[in-house]
Structure formats: structure tokens, C-alpha cells
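Chemist: Input structure_22.cif, format and content: mmCIF, C-alpha atoms.
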data_input
loop_
_atom_site.label_atom_id
_atom_site.label_comp_id
_atom_site.auth_asym_id
_atom_site.auth_seq_id
_atom_site.Cartn_x
_atom_site.Cartn_y
_atom_site.Cartn_z
CA MET A 1 -147.05 -111.15 -31.39
CA GLU A 2 -148.70 -114.56 -31.42
CA THR A 3 -147.11 -116.89 -28.86
CA GLU A 4 -148.20 -120.51 -28.73
CA VAL A 5 -147.21 -124.07 -27.91
CA LYS A 6 -147.61 -126.75 -30.55
CA LEU A 7 -147.67 -130.41 -29.45
CA ALA A 8 -147.84 -133.40 -31.80
CA PHE A 9 -149.71 -136.55 -30.71
CA LYS A 10 -149.06 -140.14 -31.77
CA ASN A 11 -152.53 -140.72 -33.21
CA ARG A 12 -156.15 -139.55 -33.20
CA GLU A 13 -157.07 -141.72 -30.22
CA SER A 14 -154.40 -140.28 -27.93
CA LEU A 15 -155.26 -136.70 -28.98
CA TYR A 16 -158.99 -136.97 -28.28
CA GLN A 17 -158.44 -139.04 -25.16
CA ALA A 18 -156.32 -136.20 -23.80
CA ALA A 19 -159.02 -133.63 -24.61
CA ALA A 20 -161.66 -135.74 -22.80
CA SER A 21 -159.54 -136.45 -19.71
CA GLY A 22 -160.44 -134.90 -16.38
CA TRP A 23 -156.96 -133.44 -15.90
CA PHE A 24 -157.50 -131.43 -19.11
CA THR A 25 -161.18 -130.47 -18.79
CA GLU A 26 -160.73 -129.20 -15.23
CA HIS A 27 -158.64 -126.39 -16.73
CA CYS A 28 -161.24 -125.57 -19.41
CA LEU A 29 -163.79 -122.81 -18.94
CA ASN A 30 -165.92 -124.30 -21.77
CA PRO A 31 -165.44 -128.10 -21.63
CA ASP A 32 -168.50 -128.73 -23.85
CA SER A 33 -167.10 -126.87 -26.87
CA THR A 34 -168.17 -128.20 -30.28
CA PRO A 35 -165.80 -128.76 -33.24
CA MET A 36 -165.50 -126.73 -36.42
CA THR A 37 -164.08 -127.64 -39.82
CA LEU A 38 -161.33 -125.31 -41.02
CA GLU A 39 -160.32 -125.11 -44.67
CA ASN A 40 -157.05 -123.24 -45.16
CA TYR A 41 -155.87 -121.70 -48.43
CA TYR A 42 -152.36 -120.22 -48.43
CA LEU A 43 -151.77 -117.40 -50.91
CA ASP A 44 -148.64 -116.04 -52.54
CA THR A 45 -147.50 -114.42 -55.77
CA LYS A 46 -146.04 -116.34 -58.72
CA ASP A 47 -142.63 -115.02 -57.69
CA LEU A 48 -143.25 -116.19 -54.11
CA VAL A 49 -142.70 -112.70 -52.75
CA LEU A 50 -144.43 -113.42 -49.44
CA GLY A 51 -142.29 -116.49 -48.84
CA LEU A 52 -139.16 -114.47 -49.54
CA ARG A 53 -140.39 -111.95 -46.96
CA GLN A 54 -140.80 -114.77 -44.40
CA ALA A 55 -144.56 -114.32 -44.44
CA ALA A 56 -147.70 -116.35 -45.09
CA PHE A 57 -151.12 -115.06 -46.19
CA ARG A 58 -153.96 -117.43 -45.28
CA LYS A 59 -157.63 -117.48 -46.24
CA ARG A 60 -159.59 -119.71 -43.85
CA HIS A 61 -163.18 -120.93 -44.16
CA CYS A 62 -164.61 -121.80 -40.73
CA LYS A 63 -167.68 -124.04 -40.67
CA GLY A 64 -169.52 -125.31 -37.60
CA ILE A 65 -172.94 -125.88 -36.09
CA ASP A 66 -173.47 -122.19 -35.38
CA ALA A 67 -170.83 -120.63 -37.60
CA ASP A 68 -169.94 -120.11 -41.24
CA PHE A 69 -167.42 -117.35 -41.90
CA TYR A 70 -164.00 -116.59 -43.34
CA GLU A 71 -160.87 -115.24 -41.72
CA PHE A 72 -157.86 -113.74 -43.48
CA THR A 73 -154.53 -113.89 -41.66
CA VAL A 74 -151.00 -112.72 -42.28
CA LYS A 75 -148.18 -114.18 -40.22
CA CYS A 76 -144.52 -113.29 -40.55
CA ARG A 77 -141.04 -113.60 -39.11
CA GLY A 78 -140.60 -115.06 -35.65
CA GLY A 79 -139.68 -118.72 -35.30
CA ALA A 80 -140.13 -121.90 -33.29
CA ASN A 81 -138.05 -123.71 -30.71
CA ASP A 82 -138.98 -126.76 -28.63
CA GLY A 83 -142.65 -126.35 -29.52
CA ILE A 84 -142.87 -122.64 -28.69
CA HIS A 85 -143.90 -120.58 -31.74
CA LYS A 86 -143.69 -116.78 -31.93
CA ARG A 87 -144.83 -114.76 -34.96
CA TYR A 88 -146.26 -111.40 -35.86
CA GLU A 89 -149.93 -111.83 -36.75
CA TRP A 90 -152.88 -109.88 -38.16
CA ASN A 91 -156.46 -111.16 -38.63
CA VAL A 92 -159.58 -109.89 -40.40
CA LYS A 93 -162.93 -111.72 -40.49
CA SER A 94 -165.17 -111.79 -43.55
CA ASN A 95 -168.68 -113.11 -44.11
CA ASP A 96 -168.28 -113.80 -47.83
CA GLY A 97 -164.59 -114.65 -48.20
CA VAL A 98 -163.89 -111.61 -50.37
CA LEU A 99 -161.28 -109.17 -49.10
CA SER A 100 -158.81 -106.97 -51.00
CA VAL A 101 -155.21 -106.50 -49.92
CA ASP A 102 -155.83 -102.80 -49.25
CA GLU A 103 -158.93 -103.58 -47.19
CA PHE A 104 -156.97 -106.15 -45.19
CA LYS A 105 -154.20 -103.63 -44.43
CA MET A 106 -156.74 -101.03 -43.35
CA LYS A 107 -158.74 -103.32 -41.05
CA ALA A 108 -155.85 -105.38 -39.68
CA GLY A 109 -153.86 -102.28 -38.82
CA ASN A 110 -156.41 -101.43 -36.14
CA ASP A 111 -156.19 -104.77 -34.35
CA GLY A 112 -152.89 -106.63 -34.50
CA ASP A 113 -149.16 -106.16 -34.35
CA ASP A 114 -147.23 -103.17 -35.69
CA PRO A 115 -149.05 -102.01 -38.88
CA GLU A 116 -145.74 -100.81 -40.33
CA ILE A 117 -144.43 -104.40 -40.37
CA LEU A 118 -147.63 -105.50 -42.13
CA ALA A 119 -147.22 -102.71 -44.69
CA GLU A 120 -143.68 -103.93 -45.42
CA VAL A 121 -144.89 -107.50 -45.90
CA LEU A 122 -147.67 -106.54 -48.33
CA ASN A 123 -145.84 -103.68 -50.05
CA GLY A 124 -146.45 -103.68 -53.80
CA ILE A 125 -148.72 -106.76 -53.77
CA LYS A 126 -151.99 -106.43 -55.68
CA ASP A 127 -155.06 -108.66 -55.48
CA SER A 128 -154.41 -109.96 -58.99
CA ASP A 129 -150.92 -111.11 -57.93
CA LEU A 130 -152.20 -113.67 -55.43
CA PHE A 131 -153.06 -117.30 -56.10
CA THR A 132 -153.58 -120.39 -53.94
CA LEU A 133 -150.20 -121.97 -53.28
CA CYS A 134 -151.46 -124.95 -51.24
CA SER A 135 -154.32 -125.91 -48.93
CA ASN A 136 -155.34 -128.21 -46.09
CA SER A 137 -158.36 -128.95 -43.92
CA PHE A 138 -158.91 -130.24 -40.40
CA ASP A 139 -161.40 -130.37 -37.55
CA ARG A 140 -160.72 -128.05 -34.62
CA THR A 141 -162.24 -127.93 -31.15
CA MET A 142 -161.34 -124.81 -29.16
CA TYR A 143 -161.29 -124.42 -25.41
CA ASP A 144 -160.62 -121.50 -23.09
CA PHE A 145 -157.82 -123.03 -21.04
CA ARG A 146 -156.73 -121.66 -17.68
CA PHE A 147 -153.33 -122.66 -16.32
CA GLY A 148 -151.52 -120.95 -13.48
CA ASN A 149 -152.41 -117.28 -13.72
CA SER A 150 -152.77 -117.31 -17.50
CA THR A 151 -155.52 -117.83 -20.05
CA MET A 152 -154.87 -119.69 -23.30
CA GLU A 153 -156.83 -120.86 -26.30
CA ALA A 154 -156.40 -124.64 -26.50
CA CYS A 155 -157.06 -126.09 -29.96
CA ILE A 156 -157.49 -129.79 -30.70
CA ASP A 157 -156.68 -130.25 -34.41
CA TYR A 158 -157.09 -133.39 -36.50
CA GLY A 159 -157.10 -133.64 -40.28
CA GLU A 160 -155.24 -134.51 -43.45
CA ILE A 161 -152.54 -132.97 -45.60
CA LYS A 162 -152.78 -133.89 -49.27
CA ASP A 163 -150.21 -133.53 -52.03
CA SER A 164 -150.79 -131.77 -55.35
CA GLN A 165 -152.43 -134.95 -56.71
CA GLY A 166 -154.95 -135.13 -53.86
CA LYS A 167 -153.23 -138.05 -52.13
CA VAL A 168 -153.14 -138.03 -48.32
CA CYS A 169 -149.48 -137.86 -47.36
CA ASP A 170 -149.48 -136.56 -43.79
CA ILE A 171 -151.81 -136.25 -40.80
CA ILE A 172 -152.51 -133.20 -38.65
CA CYS A 173 -152.75 -134.47 -35.08
CA GLU A 174 -151.90 -131.60 -32.77
CA MET A 175 -152.79 -129.55 -29.75
CA GLU A 176 -152.05 -125.85 -29.83
CA LEU A 177 -152.06 -123.58 -26.78
CA GLU A 178 -152.06 -119.89 -27.69
CA LEU A 179 -151.32 -117.44 -24.90
CA LYS A 180 -154.12 -114.87 -24.61
CA ASP A 181 -153.38 -113.32 -21.25
CA GLY A 182 -150.61 -114.06 -18.78
CA SER A 183 -147.02 -115.23 -18.85
CA LEU A 184 -144.69 -117.27 -21.02
CA GLU A 185 -143.75 -119.18 -17.87
CA ASP A 186 -147.32 -120.46 -17.51
CA LEU A 187 -147.38 -121.40 -21.20
CA GLU A 188 -144.15 -123.37 -20.77
CA ALA A 189 -145.55 -125.01 -17.63
CA SER A 190 -148.72 -126.05 -19.45
CA LYS A 191 -146.59 -127.70 -22.14
CA VAL A 192 -144.68 -129.72 -19.55
CA PHE A 193 -147.91 -130.63 -17.77
CA ILE A 194 -149.62 -131.96 -20.91
CA MET A 195 -146.53 -133.86 -21.99
CA SER A 196 -146.36 -135.54 -18.58
CA LYS A 197 -149.92 -136.87 -19.08
CA THR A 198 -149.73 -137.94 -22.74
CA ASP A 199 -147.52 -139.12 -25.60
CA ALA A 200 -147.33 -135.55 -26.92
CA VAL A 201 -144.01 -134.08 -28.05
CA PRO A 202 -143.00 -130.49 -28.93
CA PHE A 203 -143.47 -129.75 -32.63
CA ASP A 204 -141.76 -126.90 -34.47
CA LEU A 205 -143.21 -127.28 -37.99
CA SER A 206 -146.22 -125.15 -38.93
CA LYS A 207 -149.20 -126.54 -40.83
CA PHE A 208 -148.33 -124.19 -43.67
CA LYS A 209 -144.75 -125.47 -43.96
CA ARG A 210 -145.88 -129.09 -43.90
CA THR A 211 -148.58 -128.47 -46.50
CA LEU A 212 -146.25 -126.51 -48.75
CA ASP A 213 -143.61 -129.26 -48.59
CA ALA A 214 -146.26 -131.86 -49.49
CA SER A 215 -147.44 -129.79 -52.43
CA ARG A 216 -143.92 -129.31 -53.79
CA SER A 217 -142.73 -132.88 -53.27
CA GLY A 218 -145.80 -134.74 -54.54
CA GLY A 219 -146.27 -136.28 -51.10
CA ASN A 220 -142.72 -137.53 -50.51
CA VAL A 221 -142.30 -135.77 -47.17
#
Please express what this file holds, its structure, as C-alpha cells.

Modeler:
Amino acid sequence: METEVKLAFKNRESLYQAAASGWFTEHCLNPDSTPMTLENYYLDTKDLVLGLRQAAFRKRHCKGIDADFYEFTVKCRGGANDGIHKRYEWNVKSNDGVLSVDEFKMKAGNDGDDPEILAEVLNGIKDSDLFTLCSNSFDRTMYDFRFGNSTMEACIDYGEIKDSQGKVCDIICEMELELKDGSLEDLEASKVFIMSKTDAVPFDLSKFKRTLDASRSGGNV
């Protein structure tokens, strides 16, 4: 199960100032990490079956100085409270951005959460059923972050959410800390530590939920 902290920052300046500060970089194993651009496309059926199953299917194009690849991800169930997000998650990388539902189930079942839960989520869904429900894009810089006795992936995310007419209606300005190895206590402590140094606040809304709301409301979010 994916377990992460999501923190929202007041603006771009405060977010990047935090990432460049000594109190942050001293916890990073790779302080000179370079950014990537992530383009996210969220898929569902016309009957919104995945949404009804409390799931999201994402196709992500990752582009950077030394990288150009796709990653397909299914997330489901779980929830968020006071900035702590927990969800079942499965990921499969792709060089060309082409991946069938059956191929995803086969590959993701070998490296992720319980494959039976994934099979329930994707049961009866064919490739031809899926279409792009909404999309967003943002720049991400990733760091290997060590706090206490735990290792996390710290992501600095900044970008735009547009409505169905292409109008910018919200800003992505977040730091995510995903627990890779260690304890929930250290993850909680890292959240408190970062908040004590910045204007960051816990944030319970996912990028998918915010983007979907913008797409449905025409930007009135």
C-alpha cells in the first residue's frame, strides 16, 4: 500500500525555497536532482466504472534530461486524513505508452499490492472501454529523503490544472513524501518538521480529484 504525506505550499517561491534550504537538503541523498515534466492522463469507461469502484487508472508521460518513458498506474480505495494518504497501488513502465489492460494486470501483479484486488478493480474492462477523462501536467523534482530511521521519496511538484476549455483554474504547488522504507512515525515526524520550517499545510485532495472537479465544473472549483 502506498503511504505518503501531501503538503500544499502558499506559492511557487515558498515551495522551491524550501527545496533549496539547508535544513531540507541535509536530509537528501541526491540534493542535485534534476526536474522532470509529468503529463498525466486519467482513464475511465463511459459509465465511470473505475470511479464507482473507488479506483483511478493513470497513464503518465515522464520527460526529462535523461528520461522519456511512460508509466501506467492503478490506485484504489484507501483515503486521506491530515495530509496522510494511503492507497493500494500498482505500476507498470512502458517505453512507447502502449499497454493493454490484460498486459497491465499480468505485469503489475508481480510487483505491487494484492493482485486479487487489482483483478476486482479491472474486472470486465476492455481496452476499447477506456478514454481520457481528464489530464494535468507539472514539473517534478524527486529526492531520496532520509528522516529518522526511514527513507522516503520527496517530490517537489509545481504545475497547472486546466478546465475542459483549457483555462488554468488551479495550481499544483505541493511536496509529497512517500514512505519507501521505515515507519509511519518517521513519516508523520517529517511532516511536522517541514511544516515547522515553511508555510506548508496538510492537503487531503489528490491531483486526480482536483483535475476531475475542474474538468466537470468548467473551472469553477

Chemist: I'd like the interatomic distance between atom CA of A:Phe9 and atom CA of A:Val201, to a tenth of an Å.

Modeler: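 Spanning atom CA of A:Phe9 to atom CA of A:Val201 is a straight-line distance of 6.8 Å.
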
Chemist: What does the PyMOL selection byres ((chain A and resi 65) around 10) select in this file, as a PyMOL selection string?

Modeler: chain A and resi 34-37+63-64+66-68

Chemist: Given the file shown, determine the residues that the PyMOL selection byres ((chain A and resi 207) around 12) selects; report them as number ranges by chain.

Modeler: A: 6, 8, 39-42, 56, 58, 134-138, 157-162, 170-174, 176, 203-206, 208-214

Chemist: Find the residues near stretch 126-131 of chain A: any atom within 12 Å, counting only C-alpha atoms, skip ones fewer than 3 places away on the same chain, and give them as a list in words.

Modeler: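 The contact residues come out as Tyr41, Tyr42, Leu43, Asp44, Thr45, Lys46, Asp47, Leu48, Val49, Leu50, Ala56, Phe57, Arg58, Lys59, Val98, Leu99, Ser100, Val101, Asp102, Glu103, Phe104, Lys105, Leu122, Asn123, Cys134 and Ser135 of chain A.
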
Chemist: State, in Å with one decimal place, the distance from atom CA of A:Leu179 to atom CA of A:Glu153.

Modeler: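 These two atoms are separated by 6.6 Å.
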
Chemist: Run the PyMOL selection byres ((chain A and resi 186) around 8) against the file shown and list the residues it catches, as an mmCIF file with C-alpha atoms, in the frame of the given file.

Modeler:
data_model
loop_
_atom_site.group_PDB
_atom_site.id
_atom_site.type_symbol
_atom_site.label_atom_id
_atom_site.label_comp_id
_atom_site.auth_asym_id
_atom_site.auth_seq_id
_atom_site.Cartn_x
_atom_site.Cartn_y
_atom_site.Cartn_z
ATOM 1 C CA PHE A 147 -153.330 -122.660 -16.320
ATOM 2 C CA GLY A 148 -151.520 -120.950 -13.480
ATOM 3 C CA ASN A 149 -152.410 -117.280 -13.720
ATOM 4 C CA SER A 150 -152.770 -117.310 -17.500
ATOM 5 C CA GLY A 182 -150.610 -114.060 -18.780
ATOM 6 C CA SER A 183 -147.020 -115.230 -18.850
ATOM 7 C CA LEU A 184 -144.690 -117.270 -21.020
ATOM 8 C CA GLU A 185 -143.750 -119.180 -17.870
ATOM 9 C CA LEU A 187 -147.380 -121.400 -21.200
ATOM 10 C CA GLU A 188 -144.150 -123.370 -20.770
ATOM 11 C CA ALA A 189 -145.550 -125.010 -17.630
ATOM 12 C CA SER A 190 -148.720 -126.050 -19.450
#

Chemist: Looking at only C-alpha atoms, which of A:Lys75, A:Arg140, A:Lys180, A:His27 is the one that sits closest to A:Val121?

Modeler: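 The closest residue to A:Val121 is A:Lys75.
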
Chemist: At what distance in Å, to one decimal, does atom CA of A:Leu118 lie from atom CA of A:Tyr88?

Modeler: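 It comes out at 8.7 Å.
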
Chemist: Contacts of A:Val5 at 7 Å or less, counting all atoms listed in the file, minus same-chain residues fewer than 3 places along, as a PyMOL selection string?

Modeler: chain A and resi 83-85+176-178+191

Chemist: A:Thr151: which residues within 6 Å, counting all atoms listed in the file, same-chain residues fewer than 2 positions away excluded, as a list in words?

Modeler: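 After dropping sequence-adjacent residues, the list is Phe145, Arg146, Lys180 and Asp181 of chain A.
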
Chemist: Export, as an mmCIF file, keeping the file's coordinate frame, the selected residues with C-alpha atoms.

Modeler:
data_model
loop_
_atom_site.group_PDB
_atom_site.id
_atom_site.type_symbol
_atom_site.label_atom_id
_atom_site.label_comp_id
_atom_site.auth_asym_id
_atom_site.auth_seq_id
_atom_site.Cartn_x
_atom_site.Cartn_y
_atom_site.Cartn_z
ATOM 1 C CA PHE A 145 -157.820 -123.030 -21.040
ATOM 2 C CA ARG A 146 -156.730 -121.660 -17.680
ATOM 3 C CA LYS A 180 -154.120 -114.870 -24.610
ATOM 4 C CA ASP A 181 -153.380 -113.320 -21.250
#

Chemist: Taking all atoms listed in the file into account, name the residue in A:Cys76, A:Val192, A:Asp139, A:Pro31 that is nearest to A:Ala19.

Modeler: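 Smallest distance to A:Ala19 is found for A:Pro31.
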
Chemist: Choose the residue, out of A:Leu38, A:Cys169, A:Ile125, A:Val74, that has the smallest atom-to-atom separation from A:Ala55; count all atoms listed in the file.

Modeler: A:Val74
